[in-house]
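Trainee: Below is the file query-v4.cif, with mmCIF, C-alpha atoms.
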data_input
#
loop_
_atom_site.group_PDB
_atom_site.id
_atom_site.type_symbol
_atom_site.label_atom_id
_atom_site.label_comp_id
_atom_site.auth_asym_id
_atom_site.auth_seq_id
_atom_site.Cartn_x
_atom_site.Cartn_y
_atom_site.Cartn_z
ATOM 1 C CA MET A 1 102.055 114.237 120.396
ATOM 2 C CA GLY A 2 105.766 113.864 119.559
ATOM 3 C CA SER A 3 108.465 116.022 121.099
ATOM 4 C CA GLY A 4 109.122 117.755 117.758
ATOM 5 C CA TYR A 5 105.756 119.502 117.771
ATOM 6 C CA GLN A 6 104.080 122.143 119.846
ATOM 7 C CA LYS A 7 100.712 123.769 120.185
ATOM 8 C CA LYS A 8 100.811 127.538 120.050
ATOM 9 C CA GLN A 9 99.128 129.034 123.110
ATOM 10 C CA GLY A 10 95.948 130.867 122.255
ATOM 11 C CA PHE A 11 95.574 128.751 119.129
ATOM 12 C CA GLU A 12 94.952 125.336 120.655
ATOM 13 C CA GLU A 13 93.651 124.030 117.334
ATOM 14 C CA TRP A 14 97.011 124.573 115.546
ATOM 15 C CA VAL A 15 99.670 121.881 115.484
ATOM 16 C CA LEU A 16 102.938 123.537 114.477
ATOM 17 C CA PRO A 17 106.445 122.315 113.743
ATOM 18 C CA ARG A 18 109.149 123.807 115.973
ATOM 19 C CA GLU A 19 110.463 125.720 112.959
ATOM 20 C CA PHE A 20 109.515 126.402 109.363
ATOM 21 C CA SER A 21 111.886 125.928 106.440
ATOM 22 C CA LEU A 22 111.704 128.177 103.407
ATOM 23 C CA GLU A 23 114.277 127.960 100.626
ATOM 24 C CA VAL A 24 114.928 130.774 98.169
ATOM 25 C CA ALA A 25 114.624 128.300 95.277
ATOM 26 C CA GLU A 26 110.958 127.835 96.199
ATOM 27 C CA LEU A 27 110.352 131.561 95.735
ATOM 28 C CA THR A 28 112.283 132.330 92.542
ATOM 29 C CA GLY A 29 109.300 132.014 90.197
ATOM 30 C CA ALA A 30 107.204 134.222 92.455
ATOM 31 C CA LEU A 31 109.916 136.918 92.560
ATOM 32 C CA ARG A 32 109.170 137.756 88.936
ATOM 33 C CA GLU A 33 105.514 138.408 89.808
ATOM 34 C CA GLY A 34 106.131 140.785 92.708
ATOM 35 C CA LEU A 35 106.137 140.902 96.485
ATOM 36 C CA THR A 36 102.517 139.774 96.898
ATOM 37 C CA ALA A 37 103.246 136.606 94.931
ATOM 38 C CA VAL A 38 106.328 135.937 97.086
ATOM 39 C CA GLY A 39 104.252 136.290 100.241
ATOM 40 C CA LEU A 40 101.560 133.991 98.881
ATOM 41 C CA LYS A 41 104.106 131.363 97.830
ATOM 42 C CA ALA A 42 105.772 131.535 101.264
ATOM 43 C CA ALA A 43 102.367 131.137 102.926
ATOM 44 C CA MET A 44 101.652 128.072 100.758
ATOM 45 C CA VAL A 45 104.956 126.447 101.737
ATOM 46 C CA ILE A 46 104.261 127.143 105.413
ATOM 47 C CA ALA A 47 100.679 125.798 105.117
ATOM 48 C CA GLN A 48 102.036 122.556 103.612
ATOM 49 C CA GLN A 49 104.558 122.274 106.454
ATOM 50 C CA MET A 50 101.800 122.834 109.023
ATOM 51 C CA LEU A 51 99.733 120.035 107.475
ATOM 52 C CA ALA A 52 102.759 117.719 107.400
ATOM 53 C CA ALA A 53 103.537 118.505 111.055
ATOM 54 C CA GLU A 54 100.024 117.595 112.122
ATOM 55 C CA VAL A 55 100.061 114.350 110.146
ATOM 56 C CA ASP A 56 103.367 113.444 111.813
ATOM 57 C CA ALA A 57 101.846 114.263 115.195
ATOM 58 C CA ILE A 58 98.741 112.105 114.726
ATOM 59 C CA ALA A 59 100.095 109.292 112.515
ATOM 60 C CA GLY A 60 103.679 109.145 113.730
ATOM 61 C CA ALA A 61 106.874 109.566 111.791
ATOM 62 C CA LYS A 62 106.694 108.424 108.188
ATOM 63 C CA GLY A 63 108.328 105.059 107.574
ATOM 64 C CA LYS A 64 108.651 104.102 111.247
ATOM 65 C CA HIS A 65 106.769 101.095 112.551
ATOM 66 C CA GLN A 66 104.589 101.826 115.585
ATOM 67 C CA VAL A 67 102.537 99.021 117.080
ATOM 68 C CA GLU A 68 100.185 101.437 118.868
ATOM 69 C CA ARG A 69 99.455 103.500 115.751
ATOM 70 C CA ARG A 70 95.700 104.127 115.384
ATOM 71 C CA VAL A 71 95.758 106.175 112.191
ATOM 72 C CA THR A 72 97.821 105.898 109.025
ATOM 73 C CA ARG A 73 98.756 108.089 106.099
ATOM 74 C CA HIS A 74 96.643 107.515 103.017
ATOM 75 C CA GLY A 75 98.161 109.692 100.293
ATOM 76 C CA HIS A 76 97.010 113.154 99.273
ATOM 77 C CA GLN A 77 94.003 114.687 97.609
ATOM 78 C CA GLY A 78 93.172 118.046 96.120
ATOM 79 C CA GLY A 79 91.897 120.701 98.468
ATOM 80 C CA GLN A 80 91.889 124.435 99.003
ATOM 81 C CA VAL A 81 92.730 126.892 101.743
ATOM 82 C CA VAL A 82 92.254 130.631 102.131
ATOM 83 C CA LEU A 83 95.470 132.649 102.053
ATOM 84 C CA ALA A 84 95.475 136.451 101.877
ATOM 85 C CA GLY A 85 91.742 136.384 101.243
ATOM 86 C CA ARG A 86 92.107 134.074 98.225
ATOM 87 C CA LYS A 87 91.110 130.464 97.803
ATOM 88 C CA VAL A 88 94.251 128.584 96.813
ATOM 89 C CA LYS A 89 94.449 124.954 95.684
ATOM 90 C CA LEU A 90 96.865 122.573 97.366
ATOM 91 C CA GLN A 91 97.414 118.868 97.901
ATOM 92 C CA ARG A 92 96.256 118.016 101.398
ATOM 93 C CA PRO A 93 97.357 114.875 103.207
ATOM 94 C CA GLN A 94 94.843 112.128 103.892
ATOM 95 C CA VAL A 95 94.860 110.241 107.174
ATOM 96 C CA ARG A 96 92.603 107.308 107.997
ATOM 97 C CA THR A 97 91.774 105.223 111.026
ATOM 98 C CA GLN A 98 92.471 101.503 110.974
ATOM 99 C CA ASP A 99 88.850 100.844 110.007
ATOM 100 C CA GLY A 100 89.106 103.210 106.989
ATOM 101 C CA LYS A 101 87.410 106.375 108.309
ATOM 102 C CA GLU A 102 89.035 109.596 107.168
ATOM 103 C CA VAL A 103 90.495 111.918 109.794
ATOM 104 C CA GLU A 104 90.591 115.526 108.579
ATOM 105 C CA PRO A 105 93.614 117.409 109.956
ATOM 106 C CA ARG A 106 92.522 120.286 112.218
ATOM 107 C CA ASN A 107 95.082 122.593 110.597
ATOM 108 C CA TYR A 108 93.350 122.044 107.254
ATOM 109 C CA ARG A 109 89.952 122.968 108.717
ATOM 110 C CA VAL A 110 91.367 126.119 110.285
ATOM 111 C CA LEU A 111 93.095 127.168 107.053
ATOM 112 C CA GLN A 112 89.826 126.937 105.145
#
Kindly present the structure from the file in structure tokens form.
Mentor:
Amino acid sequence: MGSGYQKKQGFEEWVLPREFSLEVAELTGALREGLTAVGLKAAMVIAQQMLAAEVDAIAGAKGKHQVERRVTRHGHQGGQVVLAGRKVKLQRPQVRTQDGKEVEPRNYRVLQ
């Protein structure tokens, strides 16, 4: 696992970035709908960042050649996670082994 990532103690299954980034521009549409919508939008952004962090941890940095790489990125596909008791659709990253078998990110399983 790269130095930019950490596992949160007590939640060994989570792979988290060192920090999350949330820009106000990402929340402006949700502000019109109320505080619950803002919280849900923020949770979606954080969930996407958690998935990206795990893919970086298992497949390496995007665009960097690694001879020892055993899995590679393979685009995205539709999926859903549970946030605030609701099933919410999102694009989840796909990762595959060199022989084509899909590797489901643990963060995605936990978010379901």
Trainee: With a distance cut-off of 12 Å and all atoms listed in the file, select the neighbouring residues of Val55 in chain A, excluding the residue or stretch itself and same-chain residues fewer than 4 positions from it, and output the selection as a VMD selection string.
Mentor: chain A and resid 1 to 2 5 14 to 17 48 to 51 59 to 62 71 to 76 92 to 96 103 to 108
Trainee: Apply the PyMOL selection byres ((chain A and resi 111) around 9) to the structure shown and report the selected residues as a VMD selection string.
Mentor: chain A and resid 47 80 to 83 106 to 110 112
Trainee: Kindly give the distance, in Å, that separates CA of Leu31 in chain A and CA of Gln91 in chain A, rounded to a single decimal.
Mentor: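 Here the two named atoms are 22.6 Å from each other.
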Trainee: Taking the file as shown, what set of residues would the PyMOL selection byres ((chain A and resi 27-30) around 12) give back, as a PyMOL selection string?
Mentor: chain A and resi 22-26+31-45
Trainee: I need the residues from that last selection saved to file as a JSON list (two decimals), keeping the file's coordinate frame (with C-alpha atoms), if you can.
Mentor:
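Result saved to result30.json:
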[["chain", "number", "residue", "atom", "x", "y", "z"],
["A", 22, "LEU", "CA", 111.70, 128.18, 103.41],
["A", 23, "GLU", "CA", 114.28, 127.96, 100.63],
["A", 24, "VAL", "CA", 114.93, 130.77, 98.17],
["A", 25, "ALA", "CA", 114.62, 128.30, 95.28],
["A", 26, "GLU", "CA", 110.96, 127.84, 96.20],
["A", 31, "LEU", "CA", 109.92, 136.92, 92.56],
["A", 32, "ARG", "CA", 109.17, 137.76, 88.94],
["A", 33, "GLU", "CA", 105.51, 138.41, 89.81],
["A", 34, "GLY", "CA", 106.13, 140.78, 92.71],
["A", 35, "LEU", "CA", 106.14, 140.90, 96.48],
["A", 36, "THR", "CA", 102.52, 139.77, 96.90],
["A", 37, "ALA", "CA", 103.25, 136.61, 94.93],
["A", 38, "VAL", "CA", 106.33, 135.94, 97.09],
["A", 39, "GLY", "CA", 104.25, 136.29, 100.24],
["A", 40, "LEU", "CA", 101.56, 133.99, 98.88],
["A", 41, "LYS", "CA", 104.11, 131.36, 97.83],
["A", 42, "ALA", "CA", 105.77, 131.54, 101.26],
["A", 43, "ALA", "CA", 102.37, 131.14, 102.93],
["A", 44, "MET", "CA", 101.65, 128.07, 100.76],
["A", 45, "VAL", "CA", 104.96, 126.45, 101.74]]
Trainee: When you draw a straight line from CA of Gly100 in chain A to CA of Arg70 in chain A, how long is it in Å?
Mentor: 10.7 Å
Trainee: Could you tell me how far CA of Lys89 in chain A sits from CA of Glu54 in chain A, in Å to one decimal place?
Mentor: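 About the pair CA of Glu54 in chain A and CA of Lys89 in chain A: they are 18.9 Å apart.
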Trainee: Could I see range 65-92 of chain A restored to N, CA and C atoms, set down as a short mmCIF file (atom, residue, chain, number, x, y, z; two decimals), in the coordinates of the input?
Mentor:
data_model
loop_
_atom_site.label_atom_id
_atom_site.label_comp_id
_atom_site.auth_asym_id
_atom_site.auth_seq_id
_atom_site.Cartn_x
_atom_site.Cartn_y
_atom_site.Cartn_z
N HIS A 65 107.79 102.01 112.06
CA HIS A 65 106.77 101.10 112.55
C HIS A 65 106.39 101.45 113.99
N GLN A 66 105.09 101.55 114.24
CA GLN A 66 104.59 101.83 115.58
C GLN A 66 103.41 100.90 115.83
N VAL A 67 103.58 100.01 116.78
CA VAL A 67 102.54 99.02 117.08
C VAL A 67 101.25 99.70 117.53
N GLU A 68 101.36 100.78 118.30
CA GLU A 68 100.18 101.44 118.87
C GLU A 68 99.53 102.44 117.92
N ARG A 69 100.00 102.54 116.72
CA ARG A 69 99.46 103.50 115.75
C ARG A 69 97.97 103.22 115.50
N ARG A 70 97.15 104.27 115.60
CA ARG A 70 95.70 104.13 115.38
C ARG A 70 95.24 104.72 114.06
N VAL A 71 96.07 105.59 113.49
CA VAL A 71 95.76 106.18 112.19
C VAL A 71 96.98 106.05 111.29
N THR A 72 96.73 106.02 109.98
CA THR A 72 97.82 105.90 109.02
C THR A 72 97.67 106.93 107.91
N ARG A 73 98.76 107.20 107.26
CA ARG A 73 98.76 108.09 106.10
C ARG A 73 98.05 107.37 104.96
N HIS A 74 97.36 108.12 104.14
CA HIS A 74 96.64 107.52 103.02
C HIS A 74 96.74 108.41 101.78
N GLY A 75 97.95 108.88 101.48
CA GLY A 75 98.16 109.69 100.29
C GLY A 75 97.74 111.14 100.45
N HIS A 76 97.42 111.75 99.32
CA HIS A 76 97.01 113.15 99.27
C HIS A 76 95.80 113.29 98.36
N GLN A 77 95.10 114.38 98.52
CA GLN A 77 94.00 114.69 97.61
C GLN A 77 93.93 116.19 97.45
N GLY A 78 93.30 116.62 96.37
CA GLY A 78 93.17 118.05 96.12
C GLY A 78 92.31 118.71 97.17
N GLY A 79 92.67 119.92 97.50
CA GLY A 79 91.90 120.70 98.47
C GLY A 79 92.16 122.18 98.23
N GLN A 80 91.63 123.00 99.10
CA GLN A 80 91.89 124.44 99.00
C GLN A 80 91.89 125.06 100.38
N VAL A 81 92.66 126.12 100.51
CA VAL A 81 92.73 126.89 101.74
C VAL A 81 92.59 128.37 101.38
N VAL A 82 92.36 129.19 102.36
CA VAL A 82 92.25 130.63 102.13
C VAL A 82 93.54 131.28 102.64
N LEU A 83 94.24 131.93 101.71
CA LEU A 83 95.47 132.65 102.05
C LEU A 83 95.36 134.06 101.48
N ALA A 84 95.56 135.04 102.30
CA ALA A 84 95.48 136.45 101.88
C ALA A 84 94.13 136.75 101.22
N GLY A 85 93.08 136.14 101.75
CA GLY A 85 91.74 136.38 101.24
C GLY A 85 91.43 135.67 99.94
N ARG A 86 92.32 134.81 99.48
CA ARG A 86 92.11 134.07 98.22
C ARG A 86 92.00 132.59 98.50
N LYS A 87 91.16 131.92 97.74
CA LYS A 87 91.11 130.46 97.80
C LYS A 87 92.23 129.93 96.92
N VAL A 88 93.09 129.10 97.51
CA VAL A 88 94.25 128.58 96.81
C VAL A 88 94.22 127.06 96.87
N LYS A 89 94.44 126.42 95.73
CA LYS A 89 94.45 124.95 95.68
C LYS A 89 95.77 124.42 96.21
N LEU A 90 95.68 123.28 96.91
CA LEU A 90 96.86 122.57 97.37
C LEU A 90 96.54 121.09 97.52
N GLN A 91 97.59 120.29 97.64
CA GLN A 91 97.41 118.87 97.90
C GLN A 91 97.42 118.69 99.41
N ARG A 92 96.32 118.20 99.95
CA ARG A 92 96.26 118.02 101.40
C ARG A 92 96.45 116.54 101.72
#
